[in-house]
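Student: I'd like to ask some things about the structure below.
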Amino acid sequence: MLPAGIFYVVFFAIPMLCLLGLSFWRAKGFELIPDFTLENYHKIFTSPLYRALMLRTIGVAFATALIVVPIAFAIAYIMRFVFERRGQLILQIILLSLFSGYLVRIYAWRTILGKQGLLNSTLQWLGIIEEPLEFLIYSNIAVVITLSGLLLPLAVLPLYSAMLNVSRDYIEAARDLGAGKLHTLRTVLVPMVIPGLRTAFAFAFLLSAGDFVTPALVGGSQSMLIGNIIADQFRGIGSNWPLGAGMAFVVVAVMLLAYLSVMRLIRWATRW
Amino acid sequence: MVAVRKILPAAFICVVLAYLYAPIAVIVIFSFTTSPRLSMPIEGLTLAWYANAFANPLISTALRNSLVLAVISAVLAGTMGAAFAFWLVTIKRARVRATLLTASLMPAIVPLLVIGIALAVLFRGIGMQQGLLNAAIGHVLISLPFVVLTMNARLESFDFSVLEAARDLGATPSRAFRDITLPLIRPSVIGAAMLAAALSLDEFVVTWFNVGNQQTVPVLVWGLMRRGIDPSINAIATVLLSVLVCLVVASNIINRKKAK
């Protein structure tokens, strides 16, 4: 067998199964007690705190996807159909921003959006506002702005590759047959790039739901997400590994379900 | 009138690029300014934050650890990923090939948080204490999909008939690999390995759950960030940023060269 295959099994497949198994165990202090109990899942589903966090996580992830996917779509469209020859260059520049430090980019947003940060101090310096805008930082808005910046490059990639496969002729044929711009977009272009749209949405939606660094740095106590609670279960005071493992699986399952329903909705919207 | 029609799309691209690069510009600019607070107007320029950052006793340990992890990732993810991609393209049945490729990309789709805690559970289960080795395994795992993906794209245009020709002329498989295959794919492997190094240098989440009390550059930066605004973060970040950008641009150029 190949080394990479063995590596994947030992350090990816088996750990995932261990995590699943652990979610049925119990924790007593720092000790893990083998068991087969649904107690953790019961706790997750009945606790109002976890439910609120889960809903907020879905909301933030959805808002992020709603910003990221249309912008990425427009960018990909422009790269493909307006600046056709420079498309690859623009793509490289966009993707390069991914490699400028993950923590650094989040931290930079804190310094831009902060109460005495760049945006507020500039606006005050210019005399546009008197008092700093406080909603900019330690809020859900800050989390969404930051996550959108982090995930946008990832969403452009699949949409652009999908559009490369769409011939200009189809768009022109639709227009020649009298379809309006919006109608062409909805019934011709979007259905042809559905695979790219699906991947872009998955990146934006699923990855923002799993991010705990962004809420920890730019979100306040009122904008913690479920990822923060999971991280705390593994590296915090009063940690509870089995409970955290259960939460991780619930989050992944809930997000997958939400993702599939949105995909169904998009497909339905392009039919009529 | 073509130009006028393109003004709006061009403006849109510029606004989005500004959104993506504003944070990076802010970090770089404020790593050189005298005022410790990031605010306008800028008062003066200094290199003090760089001196400050490198006076931190933890930074040399963190740098050394990060470099060790990056080299391990580059070598292991590079060779294993390349071998895996090479094996993938030789599979005749397209269905099996596509399934295996998708499966090998899974670690890139699962949130890093989940990968990080799953590995922590495995290591705890087998009684392996948290540390650099654990983090290294995590780094190789998250780099592998990217190596497989870039290698796969390159190998799809690989001309396998040259290998057959070598065999027909009497070359043993190992000789054919050494004299024909390796020189042809070496640039792609090096490019992919550099990408793996860049991913490793920047990795925080999986590291955080597995590295224990050891330091890496992102773990150190995280600690500083949690403590509040510290301008030496900007200095460390700018250094890290330069290294990452160099690695990725070089990886791209090396990869591109072979595509011709």
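Chain lettering (A, B, ...) mirrors the order of the structure tokens, residue numbering begins at 1 for each chain separately, and ligand numbering begins at 1 in order of display.
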Which residues, written as a ChimeraX atom specification, have at least one atom at most 12 Å from segment 133-140 of chain A, with only C-alpha atoms counted and residues fewer than 3 positions away on the same chain left out?

Tutor: /A:56-61,63-64,106-124,128-130,143-147,214-225

Student: Neighbouring residues of Val68 of chain B were defined as those with any atom within 12 Å, considering only C-alpha atoms; residues of the same chain fewer than 3 positions away were excluded. Please report them as JSON, numbers by chain.

Tutor: {"B": [61, 62, 63, 64, 65, 71, 72, 73, 74, 75, 132, 133, 135, 136, 139, 197, 200, 201, 215, 216, 217]}

Student: Output C-alpha atoms for every residue in the selection just made, as a tab-separated table (two decimals), in the first residue's frame.

Tutor:
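Below is the file that was written, part_22.tsv:
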chain	number	residue	atom	x	y	z
B	61	THR	CA	12.40	29.02	19.79
B	62	ALA	CA	9.17	29.70	17.92
B	63	LEU	CA	11.04	30.44	14.69
B	64	ARG	CA	13.17	27.31	14.97
B	65	ASN	CA	10.14	25.11	15.69
B	71	VAL	CA	10.67	21.38	6.40
B	72	ILE	CA	9.00	18.19	7.67
B	73	SER	CA	5.75	19.15	5.92
B	74	ALA	CA	7.50	20.05	2.69
B	75	VAL	CA	9.48	16.79	2.55
B	132	LEU	CA	5.96	19.13	18.07
B	133	LEU	CA	5.72	15.64	16.59
B	135	ALA	CA	1.77	19.11	15.33
B	136	ALA	CA	4.03	17.89	12.50
B	139	HIS	CA	0.68	19.79	9.28
B	197	ALA	CA	5.90	24.65	3.67
B	200	SER	CA	2.71	24.75	7.61
B	201	LEU	CA	4.33	28.08	8.53
B	215	GLN	CA	5.86	27.44	20.61
B	216	THR	CA	5.51	28.04	16.90
B	217	VAL	CA	5.32	31.47	15.29

Student: Using only C-alpha atoms, which of the listed residues (A:Leu49, A:Leu22, A:Met263, A:Ala253) sits closest to chain B?

Tutor: A:Leu22

Student: With a distance cut-off of 7 Å and only C-alpha atoms, select the neighbouring residues of Val28 of chain B, excluding the residue or stretch itself and same-chain residues fewer than 4 positions from it, and output the selection as a list in words.

Tutor: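 Within the cut-off, the hits are Ile24, Asn234 and Thr238 of chain B.
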
Student: Between A:Ser161, A:Thr270, A:Ser100, A:Thr199, which has the minimum distance to chain B (counting only C-alpha atoms)?

Tutor: A:Ser100

Student: Show me, as a PyMOL selection string, every residue of chain B with an atom at most 7 Å from chain A, counting only C-alpha atoms.

Tutor: chain B and resi 9+13+19-21+23-24+26-27+38-40+80-81+84+111+113-114+118-119+121-122+202+237+241+244-245

Student: When you count only C-alpha atoms, which of these residues is closest to Thr46 of chain B: B:Ser232, B:Thr181, B:Ser251, B:Thr90?

Tutor: B:Ser232

Student: From segment 38-224 of chain B, collect each residue whose DSSP state is alpha helix (DSSP H) and return the set as an NGL selection string.

Tutor: :B and (48-55 or 57-90 or 94-109 or 112-125 or 132-155 or 161-168 or 173-176 or 182-202 or 205-210 or 217-224)

Student: Which value, in Å to one decimal, gives the distance between atom CA of Val140 of chain B and atom CA of Ala204 of chain A?

Tutor: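 Answer for the atom CA of Val140 of chain B to atom CA of Ala204 of chain A separation: 23.9 Å.
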
Student: Between atom CA of Phe205 of chain A and atom CA of Val69 of chain A, what distance in Å does the model show, to one decimal?

Tutor: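 Interatomic distance, atom CA of Phe205 of chain A to atom CA of Val69 of chain A: 9.6 Å.
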
Student: Quick one: residues within 7 Å of segment 34-45 of chain A, only C-alpha atoms, excluding same-chain residues fewer than 5 positions away - as a ChimeraX atom specification?

Tutor: /A:23-26,50-51,243,246-247

Student: Applying 10 Å and only C-alpha atoms, which residues near His183 of chain A remain after dropping the ones on its own chain fewer than 5 positions away? List them as a ChimeraX atom specification.

Tutor: /A:174-175,178,188-189,270

Student: Could you give me, as a list in words, the residues within 10 Å of Leu45 of chain B, counting only C-alpha atoms and dropping anything in the same chain fewer than 6 positions from it?

Tutor: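 Once the nearby chain positions are removed, what remains is Ile29, Phe30, Ser31, Phe32, Thr33, Thr34 and Ser35 of chain B.
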
Student: With C-alpha atoms retained, export the selected residues as a PDB file, in the first residue's frame.

Tutor:
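Written output follows (result.pdb):
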ATOM      1  CA  ILE B  29       2.494  50.128   7.356  1.00  0.00           C
ATOM      2  CA  PHE B  30       1.928  50.145  11.102  1.00  0.00           C
ATOM      3  CA  SER B  31       4.894  47.881  11.733  1.00  0.00           C
ATOM      4  CA  PHE B  32       7.001  50.950  10.838  1.00  0.00           C
ATOM      5  CA  THR B  33       5.140  53.751  12.641  1.00  0.00           C
ATOM      6  CA  THR B  34       6.040  55.269  16.010  1.00  0.00           C
ATOM      7  CA  SER B  35       2.553  55.463  17.488  1.00  0.00           C
TER       8      SER B  35
END

Student: Can you tell me how far atom CA of Gly212 of chain B sits from atom CA of Gln129 of chain B, in Å to one decimal?

Tutor: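 Answer for the atom CA of Gly212 of chain B to atom CA of Gln129 of chain B separation: 8.0 Å.
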
Student: Give me the residues within 12 Å of Val162 of chain B as a PyMOL selection string, counting only C-alpha atoms and dropping any in the same chain fewer than 4 places off.

Tutor: chain B and resi 158+166-169+171+176-177+179-181+184
